[in-house]
Each structure stands twice: as C-alpha cells, then as structure tokens.
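Chemist: I am attaching a structure below and will ask some questions about it afterwards.
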Amino acid sequence: MIIIMIMLAVIGGAMLSIQAAINGQLGSKVGVFKSAFLTFSVGALITALLIVFFEPPHAVSLMDVPKWQLLGAMFGVPYIVIMVLAVQRIGAAVATVAVIFGQLTMSMLIDNFGWLGNPAIPFSLSRLGAVVCLGIALCFIYLSSKPSAAPQAAVNN
C-alpha cells in the first residue's frame with residue numbers, strides 16, 4: 001500500500017508539472033490572474049462533482065472543524081499565481097524543482113516539530129542530505145537551463 005501511495009504522489013507531482021507548463025502558457029496570453037481563476041473554477045466544479053458522487057458521509061462538517069484548518073485552502077492561490085509567473089520566466093523544470101525544494105524544506109520542519117497537528121518525525125542526517133542533494137539538483141538544473149552565449153564566428157585567415 002505504501003508503494004501505491006508513493007506512486008500516486010509521483011503521478012500527482014507529474015500532473016502539477018503539466019499544469020504549471022500549461023498555466024504558464026495560458027497566463028502569458030490571457031493574464032496570470034485569469035489563468036489562476038480558470039484553474040480554481042474548473043477545480044471547484046470537478047471537486048463538487050466528486051463530492052456529490054463519491055464522498056462518503058462524515059461525522060464532522062467543514063463548519064465544525066477548527067477554523068485554522070480552513071486556511072489550508074488559501075495556500076493554493078499564491079502557489080498557482082507564483083507558478084504561472086515563474087514558469088514563464090525560468091521554465092517548468094526550474095520552477096518545479098524550486099517548488100519541491102520549498103515543499104521538502106517546510107515539510108521536514110513540520111515533521112520535526114509536529115506543527116499543525118501532525119505527528120513529530122525527528123530530523124536526521126539522511127533528511128538533511130536529501131535537502132542538500134535537492135538544492136544541488138536545483139542549481140544544476142538552473143545553470144543548465146540558462147541560454148548559452150552565441151558561439152563566436154570562426155575567423156578565417
């Protein structure tokens with residue numbers, strides 16, 4: 001079951017990269033906020049249909065949970081807007097790896113301190129190594145995506 005969840009997470013990450021590339025193109029043509037609005041509108045419609053047809057009943061409603069837990073929905077807006085802007089300027093690969101670097105760093109802090117009601121998972125040297133490796137990967141991907149200087153014309157004697 002763990003392998004299936006990891007594979008689903010990888011597929012979800014692949015979908016986010018596709019979404020970022022498409023939204024970057026769309027945002028350059030119609031505007032960043034219109035692109036973000038379309039993403040959330042279509043997402044809300046599809047999610048509403050999924051709720052109606054597939055969501056099992058729960059004992060607690062959205063209005064019954066602690067109000068701070070509803071704030072999670074607001075974090076999607078800056079993510080979409082930032083990605084639409086970033087992909088246009090630095091490309092899908094650099095933007096995506098930068099997002100993953102931010103996600104990994106923050107999620108390890110959340111794990112380590114047990115923030116936001118999550119169980120504490122202690123920080124370790126192997127986790128530090130993962131962040132460092134991803135930071136190095138980000139540098140390499142960024143440096144390899146910069147356009148190279150035009151080759152100098154050969155001087156004929």
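Ordering of the structure tokens sets the chain letters (A, B, ...); residue numbers start at 1 within each chain; ligands are numbered from 1 in the order shown.
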Where in chain A does DSSP assign alpha helix (DSSP H), given as a PyMOL selection string?
Modeler: chain A and resi 2-30+32-54+76-90+92-113+125-145
Chemist: Neighbouring residues of A:Ala92 were defined as those with any atom within 9 Å, considering only C-alpha atoms; residues of the same chain fewer than 2 positions away were excluded. Please report them as a ChimeraX atom specification.
Modeler: /A:17-18,20-21,24,83,86-88,90,94-97
Chemist: Take the residues from that selection and write them out as a tab-separated table (two decimals), in the first residue's frame, keeping C-alpha atoms.
Modeler:
chain	number	residue	atom	x	y	z
A	17	SER	CA	4.34	19.99	-13.70
A	18	ILE	CA	1.99	19.62	-16.66
A	20	ALA	CA	2.37	24.57	-14.43
A	21	ALA	CA	3.57	24.39	-18.04
A	24	GLY	CA	2.43	29.40	-17.78
A	83	MET	CA	3.93	29.09	-10.75
A	86	ALA	CA	7.74	31.58	-12.62
A	87	VAL	CA	7.26	29.10	-15.46
A	88	GLN	CA	7.09	31.98	-17.95
A	90	ILE	CA	12.52	30.32	-15.59
A	94	VAL	CA	13.47	25.01	-12.59
A	95	ALA	CA	10.14	26.26	-11.20
A	96	THR	CA	9.04	22.73	-10.31
A	97	VAL	CA	12.31	21.75	-8.63
Chemist: How many Å lie between atom CA of A:Phe113 and atom CA of A:Gly129, rounded to one decimal?
Modeler: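 Taking atom CA of A:Phe113 as the start and atom CA of A:Gly129 as the end point, the length is 18.7 Å.
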Chemist: Ranking A:Arg89, A:Pro66, A:Met5, A:Ser41 by minimum distance to A:Ser28 and counting only C-alpha atoms, which one comes first?
Modeler: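 Checking each of A:Arg89, A:Pro66, A:Met5, A:Ser41 against A:Ser28, counting only C-alpha atoms, the winner is A:Arg89.
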Chemist: For A:Lys29, which residue out of A:Ile3, A:Leu85, A:Ile80, A:Ala44 is the nearest one, using only C-alpha atoms?
Modeler: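 Of A:Ile3, A:Leu85, A:Ile80, A:Ala44, the one nearest A:Lys29, counting only C-alpha atoms, is A:Leu85.
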